[in-house]
>>> print(open('query-v7.txt').read())   # compact mmCIF, C-alpha atoms
# COMPACT_ATOMS: atom_id res chain seq x y z
CA MET A 1 10.42 -0.54 -0.14
CA ALA A 2 13.89 0.47 1.06
CA VAL A 3 17.28 -0.95 2.05
CA PHE A 4 17.81 -1.42 5.79
CA THR A 5 19.58 -4.79 5.69
CA SER A 6 22.81 -4.91 3.67
CA ILE A 7 23.84 -8.09 1.92
CA THR A 8 26.87 -9.06 -0.14
CA PHE A 9 27.07 -10.89 -3.45
CA ASP A 10 28.25 -13.99 -1.57
CA ASP A 11 25.39 -13.72 0.96
CA LEU A 12 22.81 -13.66 -1.79
CA SER A 13 24.51 -16.24 -4.00
CA THR A 14 24.58 -18.71 -1.11
CA TRP A 15 20.96 -17.99 -0.16
CA LEU A 16 19.78 -18.51 -3.75
CA LYS A 17 21.13 -22.08 -3.76
CA GLN A 18 17.92 -23.01 -1.92
CA PHE A 19 16.01 -22.22 -5.15
CA ASN A 20 16.02 -23.39 -8.74
CA LEU A 21 16.59 -19.90 -10.10
CA GLY A 22 20.00 -20.17 -11.70
CA GLN A 23 23.26 -18.39 -10.92
CA LEU A 24 23.32 -14.87 -9.48
CA LEU A 25 24.59 -12.27 -11.96
CA GLU A 26 23.89 -9.00 -10.12
CA PHE A 27 21.59 -7.31 -7.61
CA GLN A 28 20.77 -3.78 -6.51
CA GLY A 29 18.82 -2.17 -3.71
CA ILE A 30 15.44 -0.51 -4.26
CA SER A 31 15.10 2.74 -2.34
CA SER A 32 11.39 3.62 -2.66
CA GLY A 33 9.19 2.96 0.34
CA VAL A 34 9.79 2.88 4.08
CA THR A 35 8.99 -0.57 5.51
CA ASN A 36 11.03 -3.52 4.21
CA THR A 37 14.36 -4.10 2.48
CA ASN A 38 14.06 -4.85 -1.24
CA TYR A 39 16.51 -5.90 -3.92
CA LEU A 40 16.21 -6.40 -7.65
CA VAL A 41 17.93 -9.73 -8.30
CA THR A 42 19.17 -10.87 -11.71
CA THR A 43 20.19 -14.46 -12.35
CA ASP A 44 21.11 -16.22 -15.58
CA SER A 45 17.47 -17.36 -15.84
CA ASN A 46 15.40 -14.25 -15.02
CA LYS A 47 14.85 -11.20 -12.79
CA TYR A 48 13.26 -11.38 -9.33
CA ILE A 49 12.47 -9.22 -6.33
CA LEU A 50 13.85 -10.17 -2.92
CA THR A 51 12.10 -8.75 0.15
CA ILE A 52 13.69 -8.94 3.58
CA PHE A 53 11.07 -8.27 6.24
CA GLU A 54 12.23 -5.82 8.87
CA ASP A 55 9.31 -5.43 11.28
CA THR A 56 6.47 -7.70 10.21
CA HIS A 57 6.02 -10.61 12.61
CA ILE A 58 6.81 -13.86 10.85
CA GLU A 59 3.45 -15.34 11.86
CA GLU A 60 1.71 -12.56 9.88
CA LEU A 61 3.58 -13.22 6.65
CA PRO A 62 1.73 -16.35 5.41
CA PHE A 63 -1.42 -14.24 4.95
CA PHE A 64 0.29 -11.87 2.50
CA ILE A 65 2.20 -14.62 0.72
CA ASP A 66 -0.85 -16.84 0.32
CA LEU A 67 -2.87 -13.85 -0.93
CA MET A 68 -0.26 -13.05 -3.59
CA ALA A 69 -0.13 -16.67 -4.70
CA TYR A 70 -3.94 -16.83 -4.79
CA LEU A 71 -4.31 -13.64 -6.83
CA ALA A 72 -1.50 -14.55 -9.23
CA ASN A 73 -3.23 -17.89 -9.81
CA LYS A 74 -6.47 -15.95 -10.50
CA GLY A 75 -4.69 -14.02 -13.23
CA LEU A 76 -4.21 -10.73 -11.39
CA ALA A 77 -1.03 -8.91 -12.36
CA CYS A 78 0.76 -9.12 -9.02
CA PRO A 79 4.02 -10.67 -7.80
CA GLU A 80 4.01 -14.46 -7.56
CA PRO A 81 5.87 -15.92 -4.55
CA ILE A 82 8.47 -18.55 -5.41
CA LEU A 83 8.92 -21.79 -3.49
CA ASN A 84 12.37 -23.04 -2.57
CA LYS A 85 13.53 -26.62 -3.09
CA ASN A 86 11.86 -27.60 0.20
CA LYS A 87 8.50 -26.17 -0.97
CA GLN A 88 8.77 -23.20 1.40
CA TYR A 89 8.18 -19.56 0.57
CA LEU A 90 9.95 -18.00 3.56
CA THR A 91 13.63 -18.61 4.28
CA ILE A 92 16.01 -16.78 6.60
CA ILE A 93 18.61 -14.35 5.24
CA LYS A 94 20.76 -12.25 7.58
CA ASN A 95 18.64 -13.54 10.49
CA LYS A 96 15.44 -12.15 8.98
CA PRO A 97 12.61 -13.68 6.92
CA GLY A 98 13.21 -13.42 3.19
CA LEU A 99 10.84 -13.89 0.26
CA ILE A 100 11.61 -13.92 -3.44
CA VAL A 101 8.87 -13.18 -5.97
CA SER A 102 8.51 -12.85 -9.71
CA PHE A 103 9.64 -9.64 -11.38
CA LEU A 104 6.91 -7.69 -13.14
CA SER A 105 7.79 -5.62 -16.18
CA GLY A 106 6.65 -2.04 -16.51
CA HIS A 107 7.24 1.35 -15.00
CA GLU A 108 5.70 3.69 -12.46
CA LYS A 109 3.75 6.60 -13.96
CA LYS A 110 5.45 9.86 -13.08
CA GLU A 111 2.80 11.95 -14.84
CA VAL A 112 -0.73 10.65 -14.31
CA ILE A 113 -3.47 11.29 -16.87
CA SER A 114 -7.15 10.36 -16.82
CA ASN A 115 -6.65 7.22 -18.92
CA ASN A 116 -4.22 5.93 -16.28
CA CYS A 117 -6.85 6.53 -13.59
CA PHE A 118 -9.40 4.53 -15.60
CA ALA A 119 -6.95 1.62 -15.84
CA VAL A 120 -6.14 1.77 -12.12
CA GLY A 121 -9.85 1.85 -11.27
CA MET A 122 -10.35 -1.33 -13.32
CA SER A 123 -7.35 -2.98 -11.66
CA LEU A 124 -8.51 -2.14 -8.14
CA ALA A 125 -12.00 -3.49 -8.83
CA SER A 126 -10.42 -6.61 -10.31
CA PHE A 127 -8.37 -7.01 -7.13
CA HIS A 128 -11.54 -6.72 -5.01
CA THR A 129 -13.52 -9.21 -7.08
CA LYS A 130 -10.73 -11.77 -7.56
CA ALA A 131 -9.92 -11.73 -3.83
CA LYS A 132 -13.56 -12.17 -2.84
CA ASP A 133 -13.28 -15.91 -2.20
CA PHE A 134 -9.84 -15.82 -0.55
CA PRO A 135 -10.43 -17.88 2.62
CA LYS A 136 -8.33 -15.82 5.06
CA VAL A 137 -9.18 -12.53 6.75
CA ARG A 138 -6.91 -9.95 8.34
CA GLU A 139 -8.04 -7.01 10.44
CA ASN A 140 -6.88 -3.59 9.31
CA SER A 141 -3.88 -2.94 11.57
CA ARG A 142 -3.99 0.79 10.80
CA GLY A 143 -7.57 1.66 11.59
CA LEU A 144 -8.98 4.30 13.92
CA ASP A 145 -7.57 2.68 17.08
CA TRP A 146 -4.08 2.63 15.56
CA ILE A 147 -4.43 6.27 14.51
CA ASN A 148 -5.39 7.29 18.03
CA THR A 149 -2.60 5.29 19.70
CA THR A 150 0.05 6.52 17.28
CA PHE A 151 -1.14 10.11 17.59
CA PHE A 152 -0.63 10.05 21.36
CA GLN A 153 2.85 8.61 20.87
CA LEU A 154 3.69 11.47 18.50
CA LYS A 155 2.09 14.39 20.37
CA GLU A 156 5.37 15.61 21.88
CA TYR A 157 6.71 16.23 18.36
CA LEU A 158 3.63 18.01 16.99
CA SER A 159 2.60 21.66 16.96
CA GLU A 160 -0.54 22.73 18.78
CA LYS A 161 -2.15 23.43 15.42
CA ASN A 162 -1.46 19.93 14.11
CA ILE A 163 -2.63 18.37 17.38
CA LYS A 164 -5.90 20.27 17.06
CA ILE A 165 -6.43 19.17 13.43
CA ILE A 166 -5.81 15.51 14.22
CA LYS A 167 -7.95 15.48 17.37
CA GLU A 168 -10.86 17.13 15.59
CA GLU A 169 -10.63 14.82 12.58
CA TYR A 170 -10.41 11.76 14.81
CA ALA A 171 -13.56 12.90 16.62
CA PHE A 172 -15.29 13.45 13.28
CA GLN A 173 -14.38 9.96 12.12
CA LYS A 174 -15.56 8.37 15.37
CA GLU A 175 -18.93 10.07 14.89
CA HIS A 176 -19.43 9.47 11.17
CA PHE A 177 -17.50 6.25 10.48
CA LYS A 178 -19.66 3.58 8.80
CA ASP A 179 -18.78 -0.08 9.10
CA ASN A 180 -21.84 -1.61 7.42
CA LEU A 181 -20.61 -1.11 3.88
CA PRO A 182 -19.49 -3.78 1.38
CA LYS A 183 -16.14 -5.17 2.42
CA GLY A 184 -13.58 -7.76 1.54
CA LEU A 185 -9.85 -8.01 0.86
CA ILE A 186 -8.34 -4.63 -0.05
CA HIS A 187 -4.86 -3.56 -1.16
CA ALA A 188 -4.80 -0.56 1.24
CA ASP A 189 -1.68 1.03 -0.30
CA LEU A 190 -2.30 1.42 -4.04
CA PHE A 191 -0.20 4.54 -4.57
CA THR A 192 1.40 5.47 -7.87
CA ASP A 193 4.66 3.80 -6.82
CA ASN A 194 2.82 0.50 -6.30
CA VAL A 195 1.39 0.23 -9.82
CA LEU A 196 3.41 -0.64 -12.91
CA PHE A 197 2.35 0.27 -16.45
CA ASP A 198 3.35 -1.19 -19.77
CA GLY A 199 2.23 1.57 -22.09
CA ASP A 200 -1.34 2.42 -21.09
CA MET A 201 -2.02 -0.97 -19.49
CA VAL A 202 -1.47 -1.90 -15.84
CA SER A 203 1.20 -4.60 -15.83
CA GLY A 204 1.54 -5.03 -12.08
CA MET A 205 0.16 -4.19 -8.64
CA ILE A 206 2.90 -4.56 -6.05
CA ASP A 207 3.59 -4.19 -2.32
CA LEU A 208 0.59 -6.06 -0.88
CA TYR A 209 1.94 -5.98 2.68
CA TYR A 210 -0.84 -3.73 4.02
CA ALA A 211 -3.61 -5.85 2.47
CA CYS A 212 -6.43 -6.50 4.91
CA THR A 213 -10.16 -7.03 5.24
CA ASP A 214 -11.98 -3.70 5.20
CA ASN A 215 -14.55 -1.60 3.35
CA TYR A 216 -13.97 -1.37 -0.39
CA ILE A 217 -14.71 2.37 -0.33
CA TYR A 218 -11.73 2.85 1.99
CA ASP A 219 -9.42 1.27 -0.60
CA ILE A 220 -11.02 3.42 -3.29
CA SER A 221 -10.45 6.53 -1.17
CA ILE A 222 -6.78 5.71 -0.56
CA THR A 223 -6.28 5.33 -4.29
CA ILE A 224 -8.19 8.47 -5.27
CA ASN A 225 -6.17 10.57 -2.80
CA ASP A 226 -2.99 9.72 -4.68
CA TRP A 227 -4.07 9.13 -8.28
CA CYS A 228 -6.90 11.60 -8.84
CA ILE A 229 -5.41 14.90 -7.68
CA ASP A 230 -3.84 17.99 -9.15
CA ASP A 231 -0.53 19.55 -8.12
CA ASP A 232 -2.19 21.30 -5.16
CA GLY A 233 -3.81 18.12 -3.82
CA GLU A 234 -7.32 19.01 -4.95
CA ILE A 235 -9.52 16.31 -6.49
CA ASP A 236 -9.18 16.47 -10.28
CA SER A 237 -12.72 16.00 -11.63
CA ASN A 238 -11.60 14.37 -14.88
CA LYS A 239 -9.33 11.92 -13.10
CA ILE A 240 -11.84 10.85 -10.44
CA GLU A 241 -14.57 10.40 -13.04
CA ALA A 242 -12.24 8.24 -15.14
CA PHE A 243 -11.22 6.22 -12.09
CA MET A 244 -14.82 5.61 -11.06
CA ARG A 245 -15.82 4.61 -14.58
CA GLY A 246 -12.94 2.16 -14.67
CA TYR A 247 -13.84 0.73 -11.27
CA GLU A 248 -17.55 0.39 -12.05
CA SER A 249 -16.81 -1.34 -15.34
CA ILE A 250 -15.86 -4.30 -13.12
CA ARG A 251 -17.81 -3.77 -9.86
CA THR A 252 -20.83 -1.49 -9.37
CA LEU A 253 -20.71 0.70 -6.30
CA GLU A 254 -23.69 0.82 -3.97
CA THR A 255 -25.40 4.12 -3.18
CA ASP A 256 -24.22 4.00 0.46
CA GLU A 257 -20.62 3.61 -0.71
CA ILE A 258 -20.80 6.67 -2.95
CA GLU A 259 -22.46 8.70 -0.20
CA SER A 260 -19.70 7.68 2.23
CA LEU A 261 -16.86 8.63 -0.12
CA PRO A 262 -16.24 12.12 1.40
CA ILE A 263 -15.90 10.59 4.89
CA TYR A 264 -13.50 7.90 3.71
CA LEU A 265 -11.41 10.32 1.68
CA ARG A 266 -10.84 12.19 4.95
CA PHE A 267 -10.16 8.98 6.85
CA ALA A 268 -7.61 7.82 4.27
CA ALA A 269 -5.86 11.20 4.38
CA LEU A 270 -5.72 11.13 8.18
CA ARG A 271 -4.34 7.59 8.24
CA PHE A 272 -1.49 8.41 5.86
CA TRP A 273 -0.71 11.74 7.51
CA VAL A 274 -0.29 9.99 10.88
CA SER A 275 1.66 7.16 9.22
CA ARG A 276 4.08 9.57 7.58
CA LEU A 277 4.45 11.53 10.82
CA GLN A 278 5.40 8.28 12.51
CA ASP A 279 7.96 7.45 9.81
CA PHE A 280 9.35 10.99 9.89
CA HIS A 281 9.82 11.15 13.66
CA ASN A 282 11.04 7.56 13.99
CA ALA A 283 13.24 7.34 10.92
CA ARG A 284 15.40 4.21 10.75
CA ASN A 285 18.92 4.09 9.41
CA GLY A 286 19.50 2.39 6.11
CA GLU A 287 21.57 2.54 2.92
CA GLU A 288 18.73 3.69 0.69
CA VAL A 289 15.69 5.04 2.53
CA THR A 290 12.95 7.35 1.28
CA ILE A 291 11.31 9.54 3.96
CA LYS A 292 8.10 11.03 2.61
CA ASP A 293 6.85 14.48 3.60
CA PRO A 294 4.01 14.23 6.16
CA ASN A 295 2.71 17.68 5.18
CA HIS A 296 1.56 16.30 1.84
CA PHE A 297 -1.21 14.37 3.56
CA LYS A 298 -1.93 17.15 6.01
CA ASN A 299 -2.72 19.26 2.94
CA ILE A 300 -4.79 16.43 1.44
CA LEU A 301 -6.80 16.12 4.67
CA LEU A 302 -7.55 19.83 4.86
CA LYS A 303 -8.73 19.83 1.27
CA ARG A 304 -10.86 16.69 1.75
CA GLN A 305 -12.60 18.36 4.68
CA GLU A 306 -14.03 20.70 2.04
CA PHE A 307 -15.06 17.89 -0.34
CA LYS A 308 -18.78 17.37 0.30
CA HIS A 309 -19.99 14.90 -2.32
CA TYR A 310 -19.08 13.03 -5.50
CA GLY A 311 -21.12 13.34 -8.67
>>> encode(input="query-v7.txt", output="structure tokens")
Amino acid sequence: MAVFTSITFDDLSTWLKQFNLGQLLEFQGISSGVTNTNYLVTTDSNKYILTIFEDTHIEELPFFIDLMAYLANKGLACPEPILNKNKQYLTIIKNKPGLIVSFLSGHEKKEVISNNCFAVGMSLASFHTKAKDFPKVRENSRGLDWINTTFFQLKEYLSEKNIKIIKEEYAFQKEHFKDNLPKGLIHADLFTDNVLFDGDMVSGMIDLYYACTDNYIYDISITINDWCIDDDGEIDSNKIEAFMRGYESIRTLETDEIESLPIYLRFAALRFWVSRLQDFHNARNGEEVTIKDPNHFKNILLKRQEFKHYG
């Protein structure tokens, strides 16, 4: 989330007339994230989140919106898209697609403890199981091919050392990657800033705009790499054990998935290192933009290369 598209009070007040959401009282930009523009909107009836899509092709958006609506209807704590008076989710604001969704109460955890990891494990497994019968599929747009293509676009900015690390890890993944594991709809971006807590309970899973059809263990690996680590980026044994217990209280992992975890932890680290390198070297201008340090996931990758097995 970020603010790339500026709007005025009058812009938003006029746009909101398409909805039955009451009169606009105030709004403010949300700076976390790097992809779309987001505002917290307060009317005299409730709070909402407005997303203005910056890069996503409009034909891709119904997948994400329908998935959110489906999961919200299934009882998952995620944003619920709101229809306008013409029964449409997407409407144009400042010449870009805009979507308004329900506001979820709760706060991001700044200090993660094992109990939080257990709760997130349960929530991720709930996401996987509740989305199982969702009728649409979407290929992972940031898989190995994307990593390779993006890497070559970035090579001129990278040191010889970093080029060597990425090339060798890409070759490792090409050799060891397994695609015959249990798969379905995954969140693909369940970082600490995309989970809200009310006390010790997960009150919301947000930012579903990387959701896709892929191996569940990949989603698990993405989440572990952010939630189950210490200050140095090493896997915290207590946190990962709590996460796995939480996950398996809803969905039991297969032996092949557990055996593949070290490979997917590396793959997830590589994907987000390359993604953050891309964001860093192609930073866009905006009012409130967070640029995340690519070296964080370089460090994670190097440490995961030493992680041989779980349990």
>>> residues_around(input="query-v7.txt", residues="segment 170-176 of chain A", least_positions_apart="6", cutoff="9 Å", atoms="all atoms listed in the file", output="PyMOL selection string")
chain A and resi 144+147-148+263-264+266-267+270
>>> closest_residue(input="query-v7.txt", among="A:Thr43, A:Ser237, A:Gln153, A:Asn140", to="Asp214 of chain A", atoms="only C-alpha atoms")
A:Asn140
>>> closest_residue(input="query-v7.txt", among="A:Asp10, A:Phe177, A:Asn46, A:Phe118", to="Lys94 of chain A", atoms="all atoms listed in the file")
A:Asp10
>>> atom_distance(input="query-v7.txt", atom1="atom CA of Ala72 of chain A", atom2="atom CA of Val120 of chain A")
17.2 Å
>>> residues_near_point(input="query-v7.txt", point="(-2.9, 19.7, 0.8)", cutoff="12 Å", atoms="only C-alpha atoms", output="PyMOL selection string")
chain A and resi 225-226+229-235+266+269-270+273+293-306
>>> closest_residue(input="query-v7.txt", among="A:Asp66, A:Ile92, A:Thr37, A:Ile58", to="Thr14 of chain A", atoms="all atoms listed in the file")
A:Ile92
>>> residues_near_point(input="query-v7.txt", point="(11.1, -13.5, 1.5)", cutoff="7 Å", atoms="only C-alpha atoms", output="count of residues only")
10
>>> residues_around(input="query-v7.txt", residues="Leu190 of chain A", least_positions_apart="6", cutoff="12 Å", atoms="only C-alpha atoms", output="number ranges by chain")
A: 108, 117, 120-121, 123-125, 127, 196, 204-211, 218-227, 268
>>> atom_distance(input="query-v7.txt", atom1="atom CA of Glu259 of chain A", atom2="atom CA of Met244 of chain A")
13.6 Å
>>> closest_residue(input="query-v7.txt", among="A:Arg138, A:Ile217, A:Ile240, A:Ile93", to="Leu12 of chain A", atoms="all atoms listed in the file")
A:Ile93
>>> residues_around(input="query-v7.txt", residues="Ser6 of chain A", least_positions_apart="6", cutoff="12 Å", atoms="all atoms listed in the file", output="MDAnalysis selection string")
chainID A and resid 12 27:30 36:39 51:52 54 93:96 285:288
>>> closest_residue(input="query-v7.txt", among="A:Met201, A:Ser126, A:Ala242, A:Leu181", to="Glu254 of chain A", atoms="only C-alpha atoms")
A:Leu181
>>> atom_distance(input="query-v7.txt", atom1="atom CA of Ile165 of chain A", atom2="atom CA of Asp279 of chain A")
18.9 Å
>>> decode(input="query-v7.txt", residues="segment 37-48 of chain A", atoms="all heavy atoms", output="PDB file, in the first residue's frame")
ATOM      1  N   THR A  37      -2.281   2.723  -4.541  1.00  0.00           N
ATOM      2  CA  THR A  37      -2.600   3.850  -3.671  1.00  0.00           C
ATOM      3  C   THR A  37      -3.744   3.453  -2.747  1.00  0.00           C
ATOM      4  O   THR A  37      -4.744   2.884  -3.199  1.00  0.00           O
ATOM      5  CB  THR A  37      -3.005   5.076  -4.500  1.00  0.00           C
ATOM      6  OG1 THR A  37      -1.850   5.565  -5.184  1.00  0.00           O
ATOM      7  CG2 THR A  37      -3.578   6.174  -3.631  1.00  0.00           C
ATOM      8  N   ASN A  38      -3.595   3.746  -1.459  1.00  0.00           N
ATOM      9  CA  ASN A  38      -4.621   3.383  -0.481  1.00  0.00           C
ATOM     10  C   ASN A  38      -4.945   4.543   0.444  1.00  0.00           C
ATOM     11  O   ASN A  38      -4.044   5.273   0.878  1.00  0.00           O
ATOM     12  CB  ASN A  38      -4.158   2.186   0.356  1.00  0.00           C
ATOM     13  CG  ASN A  38      -4.150   0.897  -0.447  1.00  0.00           C
ATOM     14  OD1 ASN A  38      -5.135   0.196  -0.505  1.00  0.00           O
ATOM     15  ND2 ASN A  38      -3.023   0.606  -1.074  1.00  0.00           N
ATOM     16  N   TYR A  39      -6.229   4.667   0.739  1.00  0.00           N
ATOM     17  CA  TYR A  39      -6.697   5.691   1.672  1.00  0.00           C
ATOM     18  C   TYR A  39      -7.634   5.064   2.701  1.00  0.00           C
ATOM     19  O   TYR A  39      -8.443   4.183   2.372  1.00  0.00           O
ATOM     20  CB  TYR A  39      -7.467   6.792   0.936  1.00  0.00           C
ATOM     21  CG  TYR A  39      -6.622   7.683   0.061  1.00  0.00           C
ATOM     22  CD1 TYR A  39      -6.539   7.467  -1.303  1.00  0.00           C
ATOM     23  CD2 TYR A  39      -5.925   8.759   0.607  1.00  0.00           C
ATOM     24  CE1 TYR A  39      -5.784   8.288  -2.122  1.00  0.00           C
ATOM     25  CE2 TYR A  39      -5.163   9.595  -0.195  1.00  0.00           C
ATOM     26  CZ  TYR A  39      -5.088   9.359  -1.561  1.00  0.00           C
ATOM     27  OH  TYR A  39      -4.336  10.176  -2.361  1.00  0.00           O
ATOM     28  N   LEU A  40      -7.507   5.537   3.937  1.00  0.00           N
ATOM     29  CA  LEU A  40      -8.495   5.246   4.965  1.00  0.00           C
ATOM     30  C   LEU A  40      -9.578   6.313   4.866  1.00  0.00           C
ATOM     31  O   LEU A  40      -9.285   7.514   4.955  1.00  0.00           O
ATOM     32  CB  LEU A  40      -7.852   5.265   6.348  1.00  0.00           C
ATOM     33  CG  LEU A  40      -8.808   5.165   7.537  1.00  0.00           C
ATOM     34  CD1 LEU A  40      -9.594   3.860   7.512  1.00  0.00           C
ATOM     35  CD2 LEU A  40      -8.040   5.298   8.852  1.00  0.00           C
ATOM     36  N   VAL A  41     -10.807   5.871   4.639  1.00  0.00           N
ATOM     37  CA  VAL A  41     -11.925   6.779   4.390  1.00  0.00           C
ATOM     38  C   VAL A  41     -12.914   6.673   5.545  1.00  0.00           C
ATOM     39  O   VAL A  41     -13.338   5.574   5.917  1.00  0.00           O
ATOM     40  CB  VAL A  41     -12.625   6.416   3.067  1.00  0.00           C
ATOM     41  CG1 VAL A  41     -13.844   7.297   2.840  1.00  0.00           C
ATOM     42  CG2 VAL A  41     -11.643   6.525   1.899  1.00  0.00           C
ATOM     43  N   THR A  42     -13.294   7.818   6.101  1.00  0.00           N
ATOM     44  CA  THR A  42     -14.282   7.848   7.181  1.00  0.00           C
ATOM     45  C   THR A  42     -15.504   8.635   6.724  1.00  0.00           C
ATOM     46  O   THR A  42     -15.383   9.796   6.299  1.00  0.00           O
ATOM     47  CB  THR A  42     -13.697   8.496   8.445  1.00  0.00           C
ATOM     48  OG1 THR A  42     -12.511   7.803   8.830  1.00  0.00           O
ATOM     49  CG2 THR A  42     -14.701   8.439   9.584  1.00  0.00           C
ATOM     50  N   THR A  43     -16.665   7.983   6.781  1.00  0.00           N
ATOM     51  CA  THR A  43     -17.920   8.674   6.494  1.00  0.00           C
ATOM     52  C   THR A  43     -18.740   8.737   7.773  1.00  0.00           C
ATOM     53  O   THR A  43     -18.320   8.238   8.828  1.00  0.00           O
ATOM     54  CB  THR A  43     -18.726   7.938   5.396  1.00  0.00           C
ATOM     55  OG1 THR A  43     -19.287   6.734   5.954  1.00  0.00           O
ATOM     56  CG2 THR A  43     -17.841   7.591   4.200  1.00  0.00           C
ATOM     57  N   ASP A  44     -19.929   9.321   7.680  1.00  0.00           N
ATOM     58  CA  ASP A  44     -20.774   9.397   8.875  1.00  0.00           C
ATOM     59  C   ASP A  44     -21.447   8.063   9.188  1.00  0.00           C
ATOM     60  O   ASP A  44     -22.200   7.959  10.163  1.00  0.00           O
ATOM     61  CB  ASP A  44     -21.810  10.513   8.753  1.00  0.00           C
ATOM     62  CG  ASP A  44     -22.708  10.375   7.530  1.00  0.00           C
ATOM     63  OD1 ASP A  44     -22.645   9.318   6.855  1.00  0.00           O
ATOM     64  OD2 ASP A  44     -23.452  11.324   7.235  1.00  0.00           O
ATOM     65  N   SER A  45     -21.148   7.023   8.375  1.00  0.00           N
ATOM     66  CA  SER A  45     -21.719   5.701   8.656  1.00  0.00           C
ATOM     67  C   SER A  45     -20.674   4.693   9.119  1.00  0.00           C
ATOM     68  O   SER A  45     -20.978   3.815   9.933  1.00  0.00           O
ATOM     69  CB  SER A  45     -22.423   5.141   7.417  1.00  0.00           C
ATOM     70  OG  SER A  45     -21.491   4.890   6.372  1.00  0.00           O
ATOM     71  N   ASN A  46     -19.420   4.808   8.636  1.00  0.00           N
ATOM     72  CA  ASN A  46     -18.410   3.810   8.990  1.00  0.00           C
ATOM     73  C   ASN A  46     -17.050   4.215   8.425  1.00  0.00           C
ATOM     74  O   ASN A  46     -16.904   5.277   7.806  1.00  0.00           O
ATOM     75  CB  ASN A  46     -18.814   2.435   8.445  1.00  0.00           C
ATOM     76  CG  ASN A  46     -18.405   1.306   9.361  1.00  0.00           C
ATOM     77  OD1 ASN A  46     -17.381   1.383  10.044  1.00  0.00           O
ATOM     78  ND2 ASN A  46     -19.206   0.246   9.392  1.00  0.00           N
ATOM     79  N   LYS A  47     -16.057   3.313   8.603  1.00  0.00           N
ATOM     80  CA  LYS A  47     -14.737   3.481   8.001  1.00  0.00           C
ATOM     81  C   LYS A  47     -14.583   2.469   6.869  1.00  0.00           C
ATOM     82  O   LYS A  47     -15.116   1.359   6.935  1.00  0.00           O
ATOM     83  CB  LYS A  47     -13.631   3.264   9.033  1.00  0.00           C
ATOM     84  CG  LYS A  47     -13.545   4.328  10.099  1.00  0.00           C
ATOM     85  CD  LYS A  47     -12.369   4.049  11.044  1.00  0.00           C
ATOM     86  CE  LYS A  47     -12.244   5.139  12.090  1.00  0.00           C
ATOM     87  NZ  LYS A  47     -11.094   4.884  13.010  1.00  0.00           N
ATOM     88  N   TYR A  48     -13.793   2.848   5.854  1.00  0.00           N
ATOM     89  CA  TYR A  48     -13.573   2.004   4.689  1.00  0.00           C
ATOM     90  C   TYR A  48     -12.137   2.183   4.200  1.00  0.00           C
ATOM     91  O   TYR A  48     -11.438   3.116   4.597  1.00  0.00           O
ATOM     92  CB  TYR A  48     -14.552   2.364   3.558  1.00  0.00           C
ATOM     93  CG  TYR A  48     -15.996   2.348   3.980  1.00  0.00           C
ATOM     94  CD1 TYR A  48     -16.618   3.507   4.453  1.00  0.00           C
ATOM     95  CD2 TYR A  48     -16.739   1.173   3.940  1.00  0.00           C
ATOM     96  CE1 TYR A  48     -17.938   3.500   4.872  1.00  0.00           C
ATOM     97  CE2 TYR A  48     -18.067   1.149   4.352  1.00  0.00           C
ATOM     98  CZ  TYR A  48     -18.665   2.315   4.811  1.00  0.00           C
ATOM     99  OH  TYR A  48     -19.965   2.295   5.235  1.00  0.00           O
TER     100      TYR A  48
END
